file data.csv (CSV, C-alpha atoms and all ligand atoms)
chain,number,residue,atom,x,y,z
A,1,MET,CA,89.1,-105.5,100.7
A,2,ALA,CA,87.2,-102.4,101.8
A,3,GLY,CA,84.9,-102.2,104.8
A,4,ILE,CA,81.6,-100.3,104.5
A,5,GLY,CA,79.2,-99.0,107.1
A,6,GLN,CA,76.0,-97.0,106.6
A,7,THR,CA,73.6,-95.4,109.1
A,8,HIS,CA,71.5,-92.3,109.2
A,9,GLY,CA,70.5,-89.3,111.2
A,10,LYS,CA,67.7,-88.9,113.8
A,11,ILE,CA,65.5,-86.3,115.3
A,12,ILE,CA,63.8,-86.4,118.7
A,13,LEU,CA,60.1,-85.8,118.3
A,14,ILE,CA,59.6,-85.2,122.0
A,15,GLY,CA,61.3,-85.8,125.4
A,16,GLU,CA,64.9,-84.6,124.8
A,17,HIS,CA,66.7,-83.7,128.1
A,18,ALA,CA,64.0,-85.3,130.2
A,19,VAL,CA,65.0,-88.7,128.8
A,20,VAL,CA,68.4,-88.3,130.5
A,21,TYR,CA,66.4,-88.5,133.9
A,22,GLY,CA,64.3,-91.5,133.1
A,23,GLN,CA,61.4,-89.9,131.3
A,24,PRO,CA,60.1,-91.4,128.0
A,25,ALA,CA,61.0,-89.9,124.6
A,26,ILE,CA,60.1,-90.6,121.0
A,27,THR,CA,62.5,-90.4,118.1
A,28,ILE,CA,62.4,-90.7,114.3
A,29,PRO,CA,65.2,-92.0,112.1
A,30,LEU,CA,66.1,-89.8,109.1
A,31,LEU,CA,66.5,-92.6,106.6
A,32,ASP,CA,67.0,-90.1,103.7
A,33,ILE,CA,70.0,-88.5,105.3
A,34,PRO,CA,72.7,-91.3,105.4
A,35,THR,CA,76.2,-91.4,106.8
A,36,ILE,CA,78.5,-93.7,104.9
A,37,VAL,CA,81.9,-94.8,106.1
A,38,LYS,CA,84.4,-96.6,103.8
A,39,ILE,CA,87.6,-98.2,105.1
A,40,THR,CA,90.4,-99.1,102.7
A,41,PRO,CA,94.0,-100.3,103.3
A,42,ILE,CA,96.8,-97.8,102.7
A,43,ASP,CA,100.5,-98.0,102.4
A,44,GLU,CA,101.4,-95.4,105.1
A,45,SER,CA,102.7,-95.7,108.6
A,46,ILE,CA,99.7,-94.0,110.3
A,47,SER,CA,96.0,-94.5,109.5
A,48,GLN,CA,94.2,-91.6,107.9
A,49,LEU,CA,90.9,-89.8,108.2
A,50,SER,CA,89.0,-88.1,105.4
A,51,SER,CA,85.9,-86.1,106.2
A,52,ARG,CA,84.3,-82.7,105.5
A,53,TYR,CA,86.0,-81.3,108.6
A,54,PHE,CA,89.4,-82.9,108.6
A,55,GLU,CA,91.9,-84.7,106.2
A,56,GLY,CA,95.0,-86.3,107.6
A,57,PRO,CA,96.5,-88.7,110.1
A,58,ILE,CA,93.9,-89.9,112.6
A,59,THR,CA,96.3,-89.0,115.4
A,60,ASN,CA,96.1,-85.3,114.4
A,61,CYS,CA,92.3,-85.1,114.6
A,62,PRO,CA,91.0,-81.8,116.1
A,63,PRO,CA,89.4,-82.0,119.5
A,64,GLU,CA,85.8,-81.9,118.1
A,65,LEU,CA,86.6,-85.3,116.4
A,66,ALA,CA,88.2,-86.9,119.6
A,67,GLY,CA,85.2,-89.2,119.9
A,68,ILE,CA,85.8,-90.6,116.4
A,69,ARG,CA,89.6,-90.9,117.0
A,70,ILE,CA,89.3,-92.7,120.3
A,71,LEU,CA,86.6,-95.0,118.8
A,72,ILE,CA,88.8,-95.9,115.8
A,73,GLU,CA,91.7,-96.6,118.2
A,74,LEU,CA,89.6,-98.8,120.4
A,75,LEU,CA,88.2,-100.8,117.4
A,76,THR,CA,91.7,-101.2,116.0
A,77,LYS,CA,92.7,-102.8,119.3
A,78,ASP,CA,89.6,-104.9,119.7
A,79,LEU,CA,89.5,-106.3,116.1
A,80,PRO,CA,92.1,-108.3,114.1
A,81,ILE,CA,93.3,-105.4,111.9
A,82,ALA,CA,96.9,-105.6,110.9
A,83,THR,CA,97.2,-103.0,108.2
A,84,THR,CA,97.0,-99.2,108.4
A,85,PHE,CA,93.9,-97.8,106.7
A,86,LYS,CA,91.9,-94.8,105.5
A,87,VAL,CA,88.6,-94.0,107.1
A,88,ALA,CA,86.4,-91.9,104.6
A,89,ILE,CA,83.3,-90.4,106.2
A,90,ASN,CA,80.5,-89.1,103.9
A,91,SER,CA,77.6,-87.5,105.5
A,92,ASP,CA,75.1,-84.7,104.8
A,93,LEU,CA,74.3,-84.4,108.5
A,94,PRO,CA,75.4,-81.1,110.0
A,95,ILE,CA,77.5,-81.6,113.2
A,96,GLU,CA,76.3,-80.3,116.5
A,97,ARG,CA,72.8,-79.7,115.3
A,98,GLY,CA,70.8,-82.3,117.2
A,99,MET,CA,70.4,-84.5,114.1
A,100,GLY,CA,72.4,-87.4,115.4
A,101,SER,CA,75.6,-86.8,113.4
A,102,SER,CA,78.0,-88.0,116.1
A,103,ALA,CA,76.0,-91.2,116.8
A,104,ALA,CA,75.5,-91.9,113.1
A,105,THR,CA,79.3,-91.5,112.5
A,106,GLY,CA,80.2,-93.7,115.4
A,107,ALA,CA,77.8,-96.4,114.3
A,108,ALA,CA,78.9,-96.2,110.7
A,109,ILE,CA,82.6,-96.4,111.7
A,110,THR,CA,81.8,-99.4,113.9
A,111,LYS,CA,80.0,-101.2,111.1
A,112,ALA,CA,82.8,-100.4,108.6
A,113,MET,CA,85.6,-101.5,110.9
A,114,PHE,CA,83.9,-104.9,111.6
A,115,ASP,CA,83.2,-105.3,107.9
A,116,TYR,CA,86.9,-104.4,107.1
A,117,ALA,CA,88.1,-107.0,109.7
A,118,LYS,CA,85.6,-109.6,108.4
A,119,VAL,CA,84.1,-110.0,111.9
A,120,PRO,CA,80.3,-110.4,112.3
A,121,LEU,CA,78.8,-107.6,114.3
A,122,GLU,CA,76.2,-108.3,116.9
A,123,TYR,CA,73.5,-105.6,117.5
A,124,SER,CA,74.5,-105.3,121.2
A,125,GLU,CA,78.2,-104.6,120.1
A,126,LEU,CA,77.0,-102.0,117.6
A,127,ILE,CA,75.1,-100.1,120.3
A,128,HIS,CA,78.0,-100.5,122.8
A,129,TYR,CA,80.5,-98.9,120.5
A,130,THR,CA,78.1,-96.2,119.3
A,131,ASN,CA,77.5,-95.2,122.9
A,132,PHE,CA,81.2,-95.4,123.7
A,133,SER,CA,81.9,-92.6,121.3
A,134,GLU,CA,78.8,-90.7,122.4
A,135,LYS,CA,80.1,-90.8,126.0
A,136,ILE,CA,83.4,-89.1,125.0
A,137,ILE,CA,81.4,-86.3,123.3
A,138,HIS,CA,78.4,-85.8,125.6
A,139,GLY,CA,79.5,-87.3,128.9
A,140,THR,CA,76.3,-88.8,130.0
A,141,PRO,CA,74.1,-89.7,127.0
A,142,SER,CA,70.8,-91.3,127.6
A,143,GLY,CA,71.6,-93.8,124.7
A,144,ILE,CA,68.6,-92.6,122.6
A,145,ASP,CA,70.7,-91.4,119.7
A,146,ALA,CA,72.7,-94.6,119.4
A,147,ILE,CA,69.4,-96.6,119.3
A,148,THR,CA,67.7,-94.3,116.7
A,149,VAL,CA,70.6,-94.1,114.2
A,150,ASN,CA,70.6,-97.9,114.2
A,151,SER,CA,66.8,-98.2,113.8
A,152,GLN,CA,64.7,-98.2,110.6
A,153,GLN,CA,61.6,-97.3,112.7
A,154,PRO,CA,60.4,-94.6,115.1
A,155,ILE,CA,61.3,-95.5,118.7
A,156,TYR,CA,59.6,-95.1,122.1
A,157,PHE,CA,62.5,-95.1,124.6
A,158,ILE,CA,63.0,-95.1,128.3
A,159,LYS,CA,66.7,-95.1,129.3
A,160,ASN,CA,67.9,-98.6,130.4
A,161,LYS,CA,64.3,-99.8,130.4
A,162,ILE,CA,62.3,-99.7,127.1
A,163,THR,CA,63.3,-99.5,123.4
A,164,GLN,CA,60.1,-100.0,121.5
A,165,PRO,CA,60.2,-99.6,117.7
A,166,PHE,CA,56.8,-98.7,116.3
A,167,SER,CA,55.1,-97.6,113.0
A,168,MET,CA,53.8,-94.1,112.4
A,169,ASN,CA,51.5,-93.1,109.6
A,170,LEU,CA,50.5,-89.5,109.9
A,171,ALA,CA,49.3,-87.2,107.2
A,172,ALA,CA,51.7,-84.5,108.3
A,173,TYR,CA,55.2,-83.2,107.7
A,174,LEU,CA,58.0,-82.1,109.9
A,175,VAL,CA,60.0,-79.1,108.7
A,176,ILE,CA,63.5,-79.6,110.2
A,177,ILE,CA,65.1,-76.2,110.5
A,178,ASP,CA,68.8,-75.9,111.0
A,179,SER,CA,69.3,-72.6,112.8
A,180,GLY,CA,73.0,-72.6,111.7
A,181,ILE,CA,74.0,-72.1,115.3
A,182,LYS,CA,76.2,-74.8,116.7
A,183,GLY,CA,74.5,-76.6,119.6
A,184,ASN,CA,76.5,-78.1,122.4
A,185,THR,CA,74.6,-81.0,123.8
A,186,GLY,CA,77.3,-81.8,126.5
A,187,ALA,CA,77.1,-78.2,127.9
A,188,ALA,CA,73.3,-78.1,127.7
A,189,VAL,CA,73.0,-81.4,129.6
A,190,HIS,CA,75.6,-80.3,132.2
A,191,ASP,CA,73.9,-76.9,132.8
A,192,LEU,CA,70.5,-78.5,133.2
A,193,ARG,CA,72.0,-81.0,135.7
A,194,VAL,CA,73.4,-78.0,137.8
A,195,PHE,CA,70.0,-76.2,137.5
A,196,LYS,CA,68.2,-79.4,138.7
A,197,GLN,CA,70.6,-79.7,141.6
A,198,GLN,CA,70.2,-76.1,142.6
A,199,GLN,CA,66.4,-75.7,142.1
A,200,PRO,CA,64.9,-79.2,142.0
A,201,GLN,CA,61.5,-77.8,143.0
A,202,ILE,CA,61.4,-76.0,139.6
A,203,VAL,CA,63.2,-78.4,137.4
A,204,ASN,CA,61.8,-81.8,138.5
A,205,PRO,CA,58.1,-81.0,137.8
A,206,LEU,CA,59.0,-79.6,134.4
A,207,LEU,CA,60.9,-82.8,133.5
A,208,GLU,CA,57.9,-84.9,134.6
A,209,GLN,CA,55.7,-82.7,132.4
A,210,LEU,CA,57.9,-83.4,129.4
A,211,GLY,CA,57.5,-87.1,130.2
A,212,ASP,CA,53.7,-86.6,130.3
A,213,LEU,CA,53.9,-84.9,126.9
A,214,THR,CA,55.7,-87.9,125.4
A,215,GLN,CA,52.8,-90.1,126.6
A,216,GLN,CA,50.3,-87.6,125.1
A,217,THR,CA,52.3,-87.7,121.9
A,218,GLN,CA,52.0,-91.4,121.7
A,219,GLN,CA,48.2,-91.1,122.0
A,220,ALA,CA,48.0,-88.3,119.5
A,221,ILE,CA,50.0,-90.4,117.0
A,222,ALA,CA,47.7,-93.4,117.6
A,223,GLN,CA,44.6,-91.2,117.1
A,224,HIS,CA,46.1,-89.4,114.1
A,225,ASP,CA,45.5,-86.2,115.9
A,226,ILE,CA,47.8,-83.7,114.3
A,227,LYS,CA,46.3,-80.6,115.9
A,228,THR,CA,46.9,-81.9,119.4
A,229,LEU,CA,50.5,-83.0,118.4
A,230,GLY,CA,51.1,-79.3,117.4
A,231,GLN,CA,49.9,-78.1,120.8
A,232,ILE,CA,52.1,-80.6,122.5
A,233,PHE,CA,55.1,-79.3,120.5
A,234,GLN,CA,54.4,-75.8,121.7
A,235,THR,CA,54.0,-76.8,125.3
A,236,ALA,CA,57.3,-78.7,125.2
A,237,GLN,CA,59.0,-75.7,123.6
A,238,ASN,CA,57.8,-73.4,126.4
A,239,ILE,CA,59.1,-75.9,129.0
A,240,LEU,CA,62.5,-76.2,127.2
A,241,GLN,CA,62.7,-72.4,127.2
A,242,THR,CA,62.1,-72.3,130.9
A,243,LEU,CA,64.9,-74.9,131.3
A,244,ASN,CA,67.3,-72.6,129.4
A,245,ILE,CA,67.6,-75.0,126.4
A,246,SER,CA,66.3,-72.4,123.9
A,247,ASN,CA,67.7,-68.9,123.1
A,248,ALA,CA,66.5,-65.7,121.4
A,249,ASN,CA,67.4,-66.8,117.9
A,250,LEU,CA,65.6,-70.1,118.2
A,251,ASP,CA,62.6,-68.4,119.7
A,252,LYS,CA,62.4,-66.1,116.7
A,253,LEU,CA,62.5,-69.0,114.3
A,254,VAL,CA,59.7,-70.7,116.3
A,255,SER,CA,57.5,-67.5,115.9
A,256,THR,CA,58.3,-67.3,112.1
A,257,ALA,CA,57.4,-71.0,111.6
A,258,ASN,CA,54.2,-70.7,113.5
A,259,LEU,CA,53.2,-67.5,111.7
A,260,ALA,CA,53.7,-69.4,108.4
A,261,GLY,CA,51.2,-72.1,109.4
A,262,ALA,CA,53.1,-74.6,111.7
A,263,LEU,CA,50.8,-76.2,114.2
A,264,GLY,CA,53.6,-76.1,116.7
A,265,THR,CA,57.4,-75.7,116.6
A,266,LYS,CA,60.0,-76.9,119.1
A,267,ILE,CA,63.7,-77.6,119.5
A,268,THR,CA,64.9,-81.1,118.7
A,269,GLY,CA,67.9,-82.6,120.5
A,270,GLY,CA,70.4,-80.8,122.7
A,271,GLY,CA,69.2,-77.2,121.9
A,272,ARG,CA,71.0,-73.9,122.6
A,273,GLY,CA,71.4,-73.9,118.8
A,274,GLY,CA,71.0,-76.8,116.4
A,275,CYS,CA,67.6,-77.6,114.9
A,276,LEU,CA,63.9,-77.0,115.4
A,277,ILE,CA,61.1,-79.1,114.1
A,278,ALA,CA,57.9,-77.5,112.9
A,279,LEU,CA,54.7,-79.5,112.4
A,280,ALA,CA,52.9,-78.9,109.1
A,281,PRO,CA,49.5,-80.4,108.2
A,282,THR,CA,50.2,-80.3,104.5
A,283,LYS,CA,53.1,-80.3,102.1
A,284,THR,CA,52.1,-76.8,100.9
A,285,ILE,CA,52.3,-75.4,104.4
A,286,ALA,CA,55.6,-77.2,104.9
A,287,GLN,CA,56.9,-75.4,101.8
A,288,LYS,CA,55.5,-72.1,103.1
A,289,ILE,CA,57.3,-72.6,106.4
A,290,THR,CA,60.5,-73.4,104.5
A,291,GLN,CA,60.2,-70.2,102.6
A,292,ALA,CA,59.4,-68.1,105.7
A,293,VAL,CA,62.4,-69.3,107.7
A,294,SER,CA,64.8,-69.4,104.7
A,295,SER,CA,66.5,-66.1,105.5
A,296,GLN,CA,67.1,-67.0,109.1
A,297,ALA,CA,68.0,-70.7,108.7
A,298,GLN,CA,71.0,-72.4,107.3
A,299,LYS,CA,69.3,-75.4,105.9
A,300,VAL,CA,65.8,-76.9,105.9
A,301,TRP,CA,64.6,-80.5,105.3
A,302,ILE,CA,61.0,-81.7,104.9
A,303,GLN,CA,60.3,-85.1,106.5
A,304,SER,CA,57.0,-86.8,105.8
A,305,LEU,CA,55.5,-88.6,108.9
A,306,ALA,CA,53.5,-91.0,106.6
A,307,ASN,CA,54.5,-94.7,106.3
A,308,LEU,CA,57.3,-94.8,108.8
A,309,LYS,CA,57.4,-98.5,109.4
B,1,LIG,C1,70.5,-85.4,122.5
B,1,LIG,O1,70.2,-85.7,121.1
B,1,LIG,C2,69.3,-85.6,123.3
B,1,LIG,C3,69.5,-85.3,124.8
B,1,LIG,O2,68.3,-85.7,125.5
B,1,LIG,C4,70.7,-85.9,125.5
B,1,LIG,C5,70.6,-87.4,125.5
B,1,LIG,O3,69.5,-88.0,125.5
B,1,LIG,O4,71.6,-88.1,125.7
B,1,LIG,C6,69.6,-83.8,125.0

call {"tool": "encode", "arguments": {"input": "data.csv", "output": "structure tokens", "more": "lines below"}}
Ligand code: MEV
result
Amino acid sequence: MAGIGQTHGKIILIGEHAVVYGQPAITIPLLDIPTIVKITPIDESISQLSSRYFEGPITNCPPELAGIRILIELLTKDLPIATTFKVAINSDLPIERGMGSSAATGAAITKAMFDYAKVPLEYSELIHYTNFSEKIIHGTPSGIDAITVNSQQPIYFIKNKITQPFSMNLAAYLVIIDSGIKGNTGAAVHDLRVFKQQQPQIVNPLLEQLGDLTQQTQQAIAQHDIKTLGQIFQTAQNILQTLNISNANLDKLVSTANLAGALGTKITGGGRGGCLIALAPTKTIAQKITQAVSSQAQKVWIQSLANLK
């Protein structure tokens, strides 16, 4: 009777923001941080939502969960669902931290609703509905989050052109550092658009440089060149800073991680808060970085870059 849907988080290795303007980006799925949605029938007049952030009738969802509410309403119309139901969302992904929580939730809800309605789900429909809820939240998403939370592999992505899954096997670790500060991808994307319109001579070359860094990242990954990858991270972080995507708290965390041995540290995702990724050449250094940032960060994950296939 129940419907189940499972997806996972994501991080953007390189190319965030520039990807909105047609530059390439590379992402990694966080397969160890799942989002699971379960749908069960209930004997009440209004369907209910149960999550870390809200419990109650779906119609009373707070504004931050509008994307989820509107997606569930759309799917209820599009699918042959006659009963009221409870949507239970279980996820360890922090929200508004650039780890793909909104896309993972949208995708897991879509899978669970199709499963509940006993309707087979095509991949193109899964991406369509995931992007639908992303658009409500972020306005003009590139689509990269929707693709990555539904992929088992790293992705090389160019908006509306290329979605290329690939394998990665690097003897290195990413330390994912949650700054504890809410990001706001929609606002960051909007402000960058205004900056680009007002000062294209500054912004356009920087977006192109971020695109070049994605190409260099692809080469560094192919050549197992961790040191260069760290330098690329740092160059990207400096550009994101110039584009007003970073802030003083994040800059401080970047310095702390680098002093503890990271080869480079950058924002991942929308920025202005959210998460950073620090590149560590060994697990011991990843643990040192974790310790060094622990008093400034809310939570830290260590993600191996080996055997991502
Ligand atoms: C958000 O995870 C990544 C951004 O590039 C926005 C997008 O691609 O839609 C900031």

call {"tool": "residues_around", "arguments": {"input": "data.csv", "residues": "region 294-303 of chain A", "least_positions_apart": "2", "cutoff": "8 Å", "atoms": "only C-alpha atoms", "output": "list in words"}}
result
Leu30, Tyr173, Leu174, Val175, Ile176, Ile177, Asp178, Ser179, Gly180, Leu253, Ala286, Thr290, Gln291, Ala292 and Leu305 of chain A

call {"tool": "closest_residue", "arguments": {"input": "data.csv", "among": "A:Ile155, A:Val37, A:Ile42, A:Ile137", "to": "Lys111 (chain A)", "atoms": "all atoms listed in the file"}}
result
A:Val37

call {"tool": "residues_near_ligand", "arguments": {"input": "data.csv", "ligand": "ligand LIG 1 (chain B)", "cutoff": "9 Å", "atoms": "all atoms listed in the file", "output": "NGL selection string"}}
result
:A and (10-12 or 15-21 or 25 or 97-100 or 134-135 or 138-145 or 159 or 185-186 or 188-189 or 268-271)

call {"tool": "atom_distance", "arguments": {"input": "data.csv", "atom1": "CA of Leu75 (chain A)", "atom2": "CA of Met113 (chain A)"}}
result
7.0 Å

call {"tool": "residues_around", "arguments": {"input": "data.csv", "residues": "Glu55 (chain A)", "least_positions_apart": "6", "cutoff": "12 Å", "atoms": "all atoms listed in the file", "output": "list of chain:residue names"}}
result
A:Ser47, A:Gln48, A:Leu49, A:Cys61, A:Pro62, A:Leu65, A:Lys86, A:Val87, A:Ala88, A:Ile89

call {"tool": "residues_around", "arguments": {"input": "data.csv", "residues": "Ser167 (chain A)", "least_positions_apart": "2", "cutoff": "7 Å", "atoms": "all atoms listed in the file", "output": "list of chain:residue names"}}
result
A:Gln153, A:Pro154, A:Asn169, A:Leu308, A:Lys309

call {"tool": "residues_around", "arguments": {"input": "data.csv", "residues": "Glu125 (chain A)", "least_positions_apart": "4", "cutoff": "12 Å", "atoms": "only C-alpha atoms", "output": "list in words"}}
result
Leu75, Asp78, Ala107, Thr110, Lys111, Phe114, Val119, Pro120, Leu121, Tyr129, Thr130, Asn131, Phe132, Ala146, Ile147 and Asn150 of chain A

call {"tool": "closest_residue", "arguments": {"input": "data.csv", "among": "A:Gln152, A:Asn184, A:Gln287, A:Gln216", "to": "Ile245 (chain A)", "atoms": "all atoms listed in the file"}}
result
A:Asn184

call {"tool": "atom_distance", "arguments": {"input": "data.csv", "atom1": "CA of Phe233 (chain A)", "atom2": "CA of Asn258 (chain A)"}}
result
11.1 Å

call {"tool": "closest_residue", "arguments": {"input": "data.csv", "among": "A:Ala220, A:Val194, A:Leu206, A:Leu13", "to": "Ile267 (chain A)", "atoms": "all atoms listed in the file"}}
result
A:Leu13

call {"tool": "closest_residue", "arguments": {"input": "data.csv", "among": "A:Ala117, A:Ala82, A:Ile72, A:Ala187", "to": "Ser133 (chain A)", "atoms": "all atoms listed in the file"}}
result
A:Ile72

call {"tool": "atom_distance", "arguments": {"input": "data.csv", "atom1": "CA of Ser51 (chain A)", "atom2": "CA of Leu126 (chain A)"}}
result
21.5 Å

call {"tool": "decode", "arguments": {"input": "data.csv", "residues": "region 267-283 of chain A", "atoms": "C-alpha atoms", "output": "PDB file, in the first residue's frame"}}
result
ATOM      1  CA  ILE A 267      32.237  27.177  -1.408  1.00  0.00           C
ATOM      2  CA  THR A 268      29.992  24.504  -2.840  1.00  0.00           C
ATOM      3  CA  GLY A 269      26.535  25.362  -4.184  1.00  0.00           C
ATOM      4  CA  GLY A 270      24.697  28.651  -3.801  1.00  0.00           C
ATOM      5  CA  GLY A 271      27.049  30.195  -1.206  1.00  0.00           C
ATOM      6  CA  ARG A 272      26.486  33.216   1.075  1.00  0.00           C
ATOM      7  CA  GLY A 273      26.379  30.561   3.797  1.00  0.00           C
ATOM      8  CA  GLY A 274      25.885  26.846   3.350  1.00  0.00           C
ATOM      9  CA  CYS A 275      28.824  24.498   2.858  1.00  0.00           C
ATOM     10  CA  LEU A 276      32.479  24.574   1.911  1.00  0.00           C
ATOM     11  CA  ILE A 277      34.540  21.734   0.499  1.00  0.00           C
ATOM     12  CA  ALA A 278      38.168  21.303   1.511  1.00  0.00           C
ATOM     13  CA  LEU A 279      40.420  18.950  -0.455  1.00  0.00           C
ATOM     14  CA  ALA A 280      42.528  16.640   1.732  1.00  0.00           C
ATOM     15  CA  PRO A 281      45.265  14.381   0.330  1.00  0.00           C
ATOM     16  CA  THR A 282      44.887  11.776   3.118  1.00  0.00           C
ATOM     17  CA  LYS A 283      42.294  10.658   5.633  1.00  0.00           C
TER      18      LYS A 283
END
